[in-house]
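Here is the file start_15.csv (CSV, C-alpha atoms and all ligand atoms).
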chain,number,residue,atom,x,y,z
P,1,MET,CA,103.9,150.0,93.6
P,2,LEU,CA,102.5,148.2,96.7
P,3,LYS,CA,100.2,150.0,99.1
P,4,VAL,CA,101.4,149.5,102.7
P,5,ALA,CA,99.8,150.3,106.0
P,6,VAL,CA,101.5,150.2,109.4
P,7,ILE,CA,99.7,149.1,112.7
P,8,GLY,CA,101.3,150.6,115.8
P,9,ALA,CA,102.8,154.0,116.0
P,10,GLY,CA,105.3,153.4,118.8
P,11,THR,CA,109.1,153.1,118.5
P,12,MET,CA,109.1,150.5,115.7
P,13,GLY,CA,106.0,151.7,113.9
P,14,SER,CA,107.7,155.1,113.5
P,15,VAL,CA,110.8,153.5,112.1
P,16,HIS,CA,108.9,151.3,109.7
P,17,ALA,CA,106.5,154.0,108.6
P,18,THR,CA,109.5,156.4,108.0
P,19,ALA,CA,111.2,153.7,105.9
P,20,TYR,CA,108.1,153.1,103.7
P,21,SER,CA,107.6,156.9,103.2
P,22,LYS,CA,111.0,157.0,101.5
P,23,MET,CA,110.6,153.8,99.3
P,24,SER,CA,109.9,154.1,95.6
P,25,SER,CA,108.4,150.6,95.6
P,26,ALA,CA,105.8,151.3,98.3
P,27,GLU,CA,103.1,153.8,99.1
P,28,LEU,CA,102.4,154.4,102.8
P,29,VAL,CA,98.6,154.6,102.9
P,30,GLY,CA,98.0,154.9,106.6
P,31,ILE,CA,99.1,154.3,110.2
P,32,VAL,CA,96.7,152.7,112.7
P,33,ASP,CA,97.0,153.3,116.4
P,34,PRO,CA,94.4,154.3,119.1
P,35,ARG,CA,96.7,157.0,120.4
P,36,ARG,CA,95.1,159.6,118.1
P,37,GLU,CA,97.0,162.8,118.6
P,38,HIS,CA,100.4,161.1,118.6
P,39,THR,CA,99.6,159.1,115.5
P,40,ALA,CA,98.1,162.0,113.6
P,41,LYS,CA,101.4,163.9,114.2
P,42,LEU,CA,103.5,161.0,112.9
P,43,ALA,CA,101.3,160.4,109.9
P,44,SER,CA,101.2,164.1,108.9
P,45,SER,CA,105.1,164.3,109.2
P,46,LEU,CA,105.3,161.4,106.7
P,47,GLY,CA,102.6,162.7,104.4
P,48,THR,CA,100.0,160.0,105.1
P,49,LYS,CA,96.8,159.5,107.2
P,50,SER,CA,96.2,158.2,110.7
P,51,TYR,CA,93.4,155.9,111.8
P,52,ASP,CA,92.4,154.8,115.3
P,53,THR,CA,91.2,151.3,114.1
P,54,LEU,CA,92.0,148.8,111.4
P,55,GLU,CA,88.3,149.0,110.3
P,56,ASN,CA,88.6,152.8,109.7
P,57,LEU,CA,91.7,152.3,107.6
P,58,LEU,CA,90.0,149.6,105.5
P,59,GLU,CA,87.0,151.8,104.9
P,60,ALA,CA,89.3,154.5,103.4
P,61,ASN,CA,91.9,152.3,101.8
P,62,ASP,CA,92.8,148.8,100.5
P,63,PRO,CA,96.4,148.1,101.4
P,64,ASP,CA,98.2,145.1,99.7
P,65,VAL,CA,100.5,144.8,102.7
P,66,VAL,CA,100.1,145.5,106.4
P,67,ASP,CA,103.0,145.8,108.8
P,68,VAL,CA,102.3,144.9,112.4
P,69,CYS,CA,104.3,146.9,114.9
P,70,VAL,CA,102.2,146.5,118.1
P,71,PRO,CA,103.5,144.9,121.3
P,72,THR,CA,104.5,141.3,120.9
P,73,TYR,CA,101.5,139.7,122.7
P,74,LEU,CA,99.2,141.4,120.2
P,75,HIS,CA,100.9,140.1,117.1
P,76,ARG,CA,98.8,136.9,116.6
P,77,THR,CA,95.4,138.7,116.7
P,78,TYR,CA,96.4,141.2,114.1
P,79,VAL,CA,98.3,138.8,111.9
P,80,GLU,CA,95.5,136.2,111.7
P,81,ARG,CA,92.9,138.9,111.1
P,82,LEU,CA,94.9,140.4,108.3
P,83,ALA,CA,95.6,137.0,106.7
P,84,ARG,CA,91.9,136.3,106.6
P,85,LEU,CA,91.5,139.7,104.9
P,86,LYS,CA,94.0,138.4,102.3
P,87,LYS,CA,96.7,141.0,103.2
P,88,HIS,CA,100.3,140.1,103.0
P,89,VAL,CA,101.8,140.6,106.5
P,90,ILE,CA,105.1,141.9,107.7
P,91,CYS,CA,105.4,141.6,111.5
P,92,GLU,CA,108.0,142.8,114.0
P,93,LYS,CA,110.1,140.2,115.8
P,94,PRO,CA,109.7,138.2,118.0
P,95,ILE,CA,107.0,136.5,115.9
P,96,SER,CA,104.9,136.2,119.1
P,97,ARG,CA,105.1,135.6,122.8
P,98,THR,CA,104.3,131.8,122.6
P,99,LEU,CA,105.1,129.0,120.2
P,100,GLU,CA,101.4,128.2,120.0
P,101,ASP,CA,100.6,131.7,118.7
P,102,ALA,CA,103.6,131.6,116.3
P,103,ARG,CA,102.5,128.2,114.7
P,104,ALA,CA,98.9,129.5,114.4
P,105,MET,CA,100.1,132.7,112.6
P,106,ILE,CA,102.2,130.7,110.1
P,107,ASP,CA,99.4,128.2,109.5
P,108,THR,CA,96.7,130.8,109.0
P,109,CYS,CA,98.9,132.8,106.5
P,110,ASN,CA,99.6,129.6,104.6
P,111,LYS,CA,96.0,128.6,104.6
P,112,GLU,CA,94.9,132.1,103.4
P,113,GLY,CA,97.6,132.1,100.7
P,114,VAL,CA,99.3,135.3,102.0
P,115,ASP,CA,103.0,135.9,102.8
P,116,LEU,CA,104.2,136.4,106.4
P,117,TYR,CA,107.6,138.0,107.0
P,118,ILE,CA,109.1,138.4,110.5
P,119,ALA,CA,111.4,141.4,110.9
P,120,GLN,CA,114.5,139.7,112.3
P,121,VAL,CA,116.5,142.7,111.2
P,122,VAL,CA,120.0,141.7,112.3
P,123,ARG,CA,120.5,139.7,109.1
P,124,PHE,CA,120.3,143.2,107.4
P,125,PHE,CA,122.9,144.9,109.5
P,126,PRO,CA,126.0,145.3,107.2
P,127,GLU,CA,128.5,144.2,109.9
P,128,TYR,CA,126.5,141.0,110.7
P,129,LYS,CA,125.9,140.2,107.1
P,130,ARG,CA,129.6,140.6,106.4
P,131,ALA,CA,130.5,138.4,109.3
P,132,HIS,CA,128.0,135.8,108.0
P,133,ASP,CA,129.4,136.0,104.4
P,134,LEU,CA,133.0,135.7,105.7
P,135,LEU,CA,132.0,132.6,107.7
P,136,LEU,CA,130.4,131.0,104.7
P,137,ASP,CA,133.5,131.8,102.5
P,138,GLY,CA,135.5,129.9,105.1
P,139,ALA,CA,137.6,133.0,106.0
P,140,VAL,CA,138.3,131.9,109.6
P,141,GLY,CA,138.0,128.1,109.0
P,142,GLU,CA,136.0,126.0,111.4
P,143,THR,CA,134.4,128.0,114.2
P,144,GLY,CA,135.2,127.0,117.8
P,145,THR,CA,133.4,129.6,119.9
P,146,VAL,CA,131.3,132.8,119.5
P,147,TYR,CA,130.6,135.6,121.9
P,148,ALA,CA,127.6,137.8,121.1
P,149,MET,CA,126.5,140.7,123.2
P,150,ARG,CA,123.6,143.1,122.9
P,151,GLY,CA,121.9,145.6,125.1
P,152,GLY,CA,121.5,149.0,126.8
P,153,VAL,CA,118.9,150.8,128.8
P,154,PHE,CA,115.7,149.2,129.9
P,155,PRO,CA,113.1,149.9,127.1
P,156,GLN,CA,110.0,152.0,127.6
P,157,GLY,CA,106.8,151.1,125.8
P,158,TRP,CA,103.1,151.7,125.8
P,159,GLN,CA,101.6,150.7,129.1
P,160,ASP,CA,105.1,149.6,130.2
P,161,TRP,CA,104.6,146.3,128.4
P,162,TYR,CA,108.3,145.6,128.2
P,163,ALA,CA,108.3,145.1,132.0
P,164,ASN,CA,105.4,142.6,131.9
P,165,PHE,CA,106.7,139.0,131.7
P,166,ASP,CA,103.5,137.6,130.0
P,167,ARG,CA,103.4,140.4,127.4
P,168,CYS,CA,107.1,140.6,126.6
P,169,GLY,CA,109.0,137.6,127.9
P,170,THR,CA,112.0,139.6,129.2
P,171,LEU,CA,115.0,140.6,127.2
P,172,ILE,CA,115.6,137.0,126.2
P,173,VAL,CA,112.4,136.8,124.1
P,174,ASP,CA,112.5,140.4,123.1
P,175,MET,CA,116.1,141.3,122.3
P,176,MET,CA,118.5,138.3,122.6
P,177,ILE,CA,116.3,136.6,119.9
P,178,HIS,CA,118.3,138.8,117.4
P,179,ASP,CA,121.5,137.0,118.2
P,180,PHE,CA,119.8,133.6,118.4
P,181,ASP,CA,118.4,134.2,114.9
P,182,PHE,CA,121.8,135.5,113.6
P,183,LEU,CA,123.7,132.5,115.0
P,184,ARG,CA,121.1,130.0,113.6
P,185,TRP,CA,121.7,131.7,110.2
P,186,CYS,CA,125.4,131.1,110.5
P,187,TYR,CA,125.5,127.7,112.2
P,188,GLY,CA,122.2,125.9,111.7
P,189,ASP,CA,120.3,124.0,114.4
P,190,ILE,CA,121.2,124.0,118.0
P,191,GLU,CA,121.1,121.0,120.4
P,192,ARG,CA,121.4,122.5,123.9
P,193,VAL,CA,120.6,125.7,125.8
P,194,PHE,CA,121.6,126.7,129.3
P,195,ALA,CA,120.8,130.1,130.7
P,196,LYS,CA,121.0,132.3,133.8
P,197,SER,CA,119.4,135.7,134.3
P,198,MET,CA,118.0,138.1,136.9
P,199,TRP,CA,114.6,136.5,136.5
P,200,GLY,CA,112.8,136.0,139.8
P,201,ARG,CA,115.1,138.4,141.7
P,202,ASP,CA,114.3,142.0,142.7
P,203,PHE,CA,113.5,143.4,139.3
P,204,GLN,CA,113.8,147.2,139.6
P,205,ARG,CA,113.6,147.6,135.8
P,206,LEU,CA,116.9,146.0,135.3
P,207,ASP,CA,117.6,142.8,133.4
P,208,HIS,CA,120.7,140.9,132.4
P,209,ALA,CA,121.1,137.3,131.1
P,210,MET,CA,123.8,134.9,129.9
P,211,VAL,CA,122.7,132.2,127.5
P,212,SER,CA,125.0,129.4,126.2
P,213,LEU,CA,124.1,127.6,123.0
P,214,ARG,CA,125.6,124.3,121.7
P,215,PHE,CA,125.0,123.8,118.0
P,216,LYS,CA,124.7,120.4,116.3
P,217,SER,CA,127.9,121.3,114.4
P,218,GLY,CA,129.8,121.5,117.8
P,219,VAL,CA,130.1,125.3,117.8
P,220,ILE,CA,129.6,126.9,121.3
P,221,ALA,CA,128.1,130.4,121.6
P,222,LEU,CA,127.8,132.6,124.7
P,223,CYS,CA,125.2,135.3,124.4
P,224,GLU,CA,125.0,138.1,126.8
P,225,GLY,CA,122.0,140.4,126.9
P,226,THR,CA,121.5,143.4,129.1
P,227,TRP,CA,118.8,146.0,129.9
P,228,ALA,CA,120.8,147.3,132.9
P,229,HIS,CA,122.8,150.2,131.3
P,230,THR,CA,122.0,153.8,132.2
P,231,ASP,CA,121.8,154.8,128.6
P,232,GLY,CA,122.7,153.9,125.0
P,233,PHE,CA,122.8,150.6,123.1
P,234,ARG,CA,125.7,148.4,122.2
P,235,THR,CA,126.4,145.2,120.2
P,236,ARG,CA,129.5,143.0,120.1
P,237,LEU,CA,130.4,139.9,118.2
P,238,GLU,CA,133.5,137.8,118.4
P,239,ILE,CA,133.9,134.6,116.3
P,240,SER,CA,137.0,132.5,116.9
P,241,GLY,CA,137.8,130.0,114.2
P,242,LYS,CA,140.8,127.7,113.5
P,243,GLU,CA,142.1,130.2,110.9
P,244,GLY,CA,141.3,133.5,112.5
P,245,ILE,CA,138.9,135.8,114.4
P,246,ILE,CA,136.1,138.0,113.2
P,247,SER,CA,135.1,140.8,115.6
P,248,HIS,CA,132.6,143.7,115.8
P,249,ASP,CA,132.0,146.3,118.5
P,250,SER,CA,129.3,148.9,117.7
P,251,GLU,CA,131.2,151.3,120.1
P,252,GLU,CA,134.1,151.4,117.6
P,253,ALA,CA,132.0,152.6,114.7
P,254,VAL,CA,129.9,155.4,116.1
P,255,ALA,CA,129.6,158.1,113.4
P,256,ILE,CA,128.0,160.7,115.7
P,257,ARG,CA,127.5,160.8,119.4
P,258,SER,CA,125.0,163.0,121.2
P,259,SER,CA,124.1,163.4,124.8
P,260,PHE,CA,121.2,165.6,125.9
P,261,ARG,CA,120.5,166.9,129.4
P,262,THR,CA,116.8,166.6,129.1
P,263,ARG,CA,114.9,163.7,127.5
P,264,SER,CA,112.2,164.6,125.0
P,265,SER,CA,108.8,163.0,125.6
P,266,GLU,CA,108.8,162.3,121.9
P,267,ALA,CA,112.0,160.2,122.1
P,268,ALA,CA,111.8,156.5,121.2
P,269,GLY,CA,111.2,154.2,124.2
P,270,VAL,CA,113.6,151.7,122.8
P,271,ALA,CA,117.2,152.5,121.8
P,272,VAL,CA,117.2,151.7,118.1
P,273,PRO,CA,120.8,151.6,116.7
P,274,GLU,CA,121.4,154.7,114.5
P,275,SER,CA,123.0,154.2,111.1
P,276,PRO,CA,125.3,156.6,109.2
P,277,LEU,CA,124.3,154.7,106.0
P,278,ASN,CA,122.1,156.2,103.3
P,279,HIS,CA,119.6,153.4,104.0
P,280,ASP,CA,119.5,152.0,107.6
P,281,PRO,CA,119.1,148.2,108.1
P,282,TYR,CA,115.4,148.6,108.9
P,283,TYR,CA,114.9,150.2,105.5
P,284,LEU,CA,116.9,147.5,103.7
P,285,GLU,CA,114.9,144.8,105.5
P,286,LEU,CA,111.5,146.2,104.6
P,287,GLU,CA,112.5,147.1,101.0
P,288,HIS,CA,113.6,143.4,100.7
P,289,PHE,CA,110.2,142.1,102.0
P,290,ILE,CA,108.4,144.4,99.6
P,291,ASP,CA,110.6,143.1,96.8
P,292,CYS,CA,109.8,139.5,97.8
P,293,ILE,CA,106.0,140.2,97.8
P,294,GLU,CA,106.2,142.0,94.4
P,295,HIS,CA,108.4,139.5,92.6
P,296,GLY,CA,107.7,136.3,94.5
P,297,LYS,CA,111.3,136.0,95.7
P,298,PRO,CA,112.3,133.8,98.8
P,299,PRO,CA,113.1,136.0,101.8
P,300,ILE,CA,116.5,136.2,103.5
P,301,VAL,CA,114.6,135.4,106.7
P,302,SER,CA,111.5,133.3,106.7
P,303,ALA,CA,108.5,133.1,109.1
P,304,GLU,CA,109.8,129.6,110.1
P,305,ASP,CA,113.2,131.2,111.0
P,306,GLY,CA,111.2,133.5,113.3
P,307,TYR,CA,109.5,130.5,114.9
P,308,GLN,CA,112.9,128.7,115.4
P,309,ALA,CA,114.4,131.8,117.0
P,310,LEU,CA,111.5,132.0,119.4
P,311,GLU,CA,111.9,128.4,120.2
P,312,ILE,CA,115.5,129.1,121.3
P,313,SER,CA,114.4,132.1,123.4
P,314,LEU,CA,111.7,130.1,125.2
P,315,ALA,CA,114.1,127.2,125.8
P,316,ALA,CA,116.5,129.7,127.5
P,317,LEU,CA,113.6,131.0,129.6
P,318,GLU,CA,112.8,127.5,130.6
P,319,SER,CA,116.4,126.8,131.5
P,320,ILE,CA,116.4,129.9,133.7
P,321,GLN,CA,113.2,128.8,135.5
P,322,THR,CA,114.3,125.2,136.1
P,323,GLY,CA,118.0,125.7,136.5
P,324,LYS,CA,118.6,122.9,134.0
P,325,PRO,CA,119.8,122.8,130.4
P,326,VAL,CA,117.2,122.2,127.7
P,327,GLU,CA,118.2,119.7,125.0
P,328,TRP,CA,116.6,119.1,121.6
I,401,LIG,N1,113.6,145.0,115.4
I,401,LIG,C1,113.9,145.8,116.4
I,401,LIG,O1,115.1,146.2,116.5
I,401,LIG,C2,112.9,146.1,117.5
I,401,LIG,C3,113.1,147.1,118.4
I,401,LIG,C4,112.1,147.5,119.3
I,401,LIG,C5,110.9,146.8,119.3
I,401,LIG,N2,110.7,145.8,118.4
I,401,LIG,C6,109.4,145.0,118.4
I,401,LIG,O2,108.4,145.8,117.8
I,401,LIG,C7,107.1,145.6,118.4
I,401,LIG,C8,106.6,147.0,119.0
I,401,LIG,O3,107.5,147.5,119.9
I,401,LIG,P1,107.6,149.1,120.2
I,401,LIG,O4,108.9,149.3,121.0
I,401,LIG,O5,107.4,149.8,118.9
I,401,LIG,O6,106.4,149.3,121.2
I,401,LIG,P2,105.8,150.6,121.7
I,401,LIG,O7,105.2,150.4,123.0
I,401,LIG,O8,106.8,151.8,121.5
I,401,LIG,O9,104.6,150.9,120.7
I,401,LIG,C9,103.5,150.1,120.6
I,401,LIG,C10,102.4,150.9,119.9
I,401,LIG,O10,101.2,150.0,119.7
I,401,LIG,C11,100.1,150.8,119.9
I,401,LIG,N3,99.0,149.8,120.2
I,401,LIG,C12,98.7,149.2,121.4
I,401,LIG,N4,97.6,148.4,121.2
I,401,LIG,C13,97.2,148.6,119.9
I,401,LIG,C14,96.2,148.0,119.1
I,401,LIG,N5,95.3,147.1,119.6
I,401,LIG,N6,96.1,148.4,117.8
I,401,LIG,C15,96.9,149.3,117.3
I,401,LIG,N7,97.9,149.8,118.0
I,401,LIG,C16,98.1,149.5,119.3
I,401,LIG,C17,100.4,151.6,121.1
I,401,LIG,O11,99.5,152.8,121.2
I,401,LIG,C18,101.8,152.1,120.8
I,401,LIG,O12,101.9,153.2,120.0
I,401,LIG,C19,107.4,144.6,119.5
I,401,LIG,O13,107.0,143.3,119.1
I,401,LIG,C20,108.9,144.7,119.8
I,401,LIG,O14,109.4,143.5,120.3
I,401,LIG,C21,111.6,145.4,117.5

Reformat the file's structure so that it appears as C-alpha cells.
Amino acid sequence: MLKVAVIGAGTMGSVHATAYSKMSSAELVGIVDPRREHTAKLASSLGTKSYDTLENLLEANDPDVVDVCVPTYLHRTYVERLARLKKHVICEKPISRTLEDARAMIDTCNKEGVDLYIAQVVRFFPEYKRAHDLLLDGAVGETGTVYAMRGGVFPQGWQDWYANFDRCGTLIVDMMIHDFDFLRWCYGDIERVFAKSMWGRDFQRLDHAMVSLRFKSGVIALCEGTWAHTDGFRTRLEISGKEGIISHDSEEAVAIRSSFRTRSSEAAGVAVPESPLNHDPYYLELEHFIDCIEHGKPPIVSAEDGYQALEISLAALESIQTGKPVEW
C-alpha cells in the first residue's frame, strides 16, 4: 500500500483526499495547507492529520506519493521540490500556467527518476471514455465535426486566484483544457487554433469563450466554455461522423438535483460534477495513477499529454489577444 499526502485543502484537495481515504491501495498520511482550522477539520473527517507546511508533514511522515492540489501558478514550485525529495507526484491540471514551467516540471521529474501524473480527469468520465472507445471502434466512421461545451458558474478560490489572469489564465487554461485534452486523445495533433472570448472587456466575474481547432486529420472542433452561468455546471459533446452521431449532455443524466436557498460557507468554490456511480471519475483517475506507480504501468494520460493540452490553451489565449489564428 502506498503512502499518499495531499497538498492544498481547497475544492480539489478535498476531492482527492476523500478519494484516497476510500482506496485500499493507498493510505492518506496527511493534508498540507496553511489554512489550519479548515484543514484540520477536513483531515479529521477523513481520519488523517493536517500540517501547515510540507516540512512539518515530512518530519512526521514519509509519503511515497504527494498529490499537488494548490492553485495552478504554484504547481511548479511544489512539483520540483517533491521530485528532488524523490517523491512520485500527482498534480492537478492544468500542468502549470506557462509552458516553461511545464517543461521544467517534466524535466526535473525525469532527472530525479520519479513519476509525474497530470490529473486530466475527463479521460476517466465514463461518458467521454465511451465516446472515445466508440470512435476508435469506428462506430461513426470518419469524424467531420465536433462540438464540445463545458461550463457553469464563475469559480471561487483561495484569494480569488481564478479571477487573476497571471495565476489562472482564464477559463481557457483552467477549464477548456479538459476538452482540448479529450479531443487530442481522440484525434491526435492539431494544426490550427482560432479563438474569441470576453478577455479584455469589462470582466465583472463573467467569462465566455469559443475556440475552434483544426486537427491534422482534417477534423474541425468547436469548443465553447463558459463561466457566465448563475449556477451549476454542464458538459455537452456532439461528434458527427460519416456513419452517425455520438452525443452527450450532462443535463440529461442528472441522478439527483438539489437547490438550496442559502449557500454554505463550506461549499466547494468550483462546481465539481457529481457522480451517481459507486466510484466517481476523480477516484478512478487517482486509483489508476496509484496502480501505475505501484506496478510500473503506463498511464492513460501522461505528463506530456498535460503539456500538449496546455500548449493548445495558450495558443487559444494568444489567438484571442492578437485576433489571429495560431498555426503549428
Ligand atoms: N480536475 C478538475 O476538475 C479541477 C476542478 C477544479 C480545480 N482544478 C485544479 O485544481 C487546482 C486547485 O484548485 P482548487 O479549486 O482546489 O483551488 P482552491 O482555491 O479551492 O484551493 C487551493 C488551496 O491551496 C491552498 N494553498 C495556497 N497556497 C498554498 C501553499 N503554498 N501550500 C499549500 N497550500 C496552499 C489554499 O489555502 C487553498 O486551500 C488548480 O490547479 C485547479 O485548476 C481541477

Which of P:His248, P:His75, P:Arg81, P:Lys216 sits closest to Cys168 in chain P [using all atoms listed in the file]: P:His75

Taking (130.6, 128.3, 122.1) as a centre in this file's frame and 9 Å as the limit, can you find every polymer residue with an atom that close, using all atoms listed in the file, and give them as a PDB file with C-alpha atoms, keeping the file's coordinate frame?
ATOM      1  CA  THR P 143     134.400 128.000 114.200  1.00  0.00           C
ATOM      2  CA  GLY P 144     135.200 127.000 117.800  1.00  0.00           C
ATOM      3  CA  THR P 145     133.400 129.600 119.900  1.00  0.00           C
ATOM      4  CA  VAL P 146     131.300 132.800 119.500  1.00  0.00           C
ATOM      5  CA  TYR P 147     130.600 135.600 121.900  1.00  0.00           C
ATOM      6  CA  SER P 212     125.000 129.400 126.200  1.00  0.00           C
ATOM      7  CA  LEU P 213     124.100 127.600 123.000  1.00  0.00           C
ATOM      8  CA  ARG P 214     125.600 124.300 121.700  1.00  0.00           C
ATOM      9  CA  PHE P 215     125.000 123.800 118.000  1.00  0.00           C
ATOM     10  CA  GLY P 218     129.800 121.500 117.800  1.00  0.00           C
ATOM     11  CA  VAL P 219     130.100 125.300 117.800  1.00  0.00           C
ATOM     12  CA  ILE P 220     129.600 126.900 121.300  1.00  0.00           C
ATOM     13  CA  ALA P 221     128.100 130.400 121.600  1.00  0.00           C
ATOM     14  CA  LEU P 222     127.800 132.600 124.700  1.00  0.00           C
TER      15      LEU P 222
END

Å distance separating CA of Met149 in chain P from CA of Cys69 in chain P, one decimal place: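 If I compute the distance from CA of Met149 in chain P to CA of Cys69 in chain P, I get 24.5 Å.
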
Using only C-alpha atoms: which of P:Gly225, P:Gly157, P:Gly269, P:Pro299 has the shortest distance to Ile90 in chain P: P:Pro299

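Closest approach to Lys87 in chain P from the set P:Val4, P:Arg35, P:Ala43, P:Leu284 is made by P:Val4, with distances taken over all atoms listed in the file.
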
Expected answer as a ChimeraX atom specification: residues within 7 Å of ligand LIG 401 (chain I), only C-alpha atoms and all ligand atoms: /P:7-13,32-35,53,69-72,74,92-94,119-121,156-158,161,174,268-270,272

Atomic separation - CA of Val301 in chain P relative to CA of His16 in chain P, Å: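 Interatomic distance here is 17.2 Å.
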
Distance criterion (all atoms listed in the file): nearest to Ser25 in chain P out of P:His208, P:Arg184, P:His288, P:Arg257: P:His288

Selection as a PyMOL selection string: residues within 8 Å of (119.6, 157.9, 129.8), counting only C-alpha atoms: chain P and resi 153+230-232+263

Top pick for closest residue to Pro325 in chain P, considering P:Gly244, P:Ala102, P:Phe194, P:Val66 and counting all atoms listed in the file: P:Phe194

Atom-to-atom span, CA of Ala139 in chain P and CA of Gln308 in chain P, Å: 26.8 Å
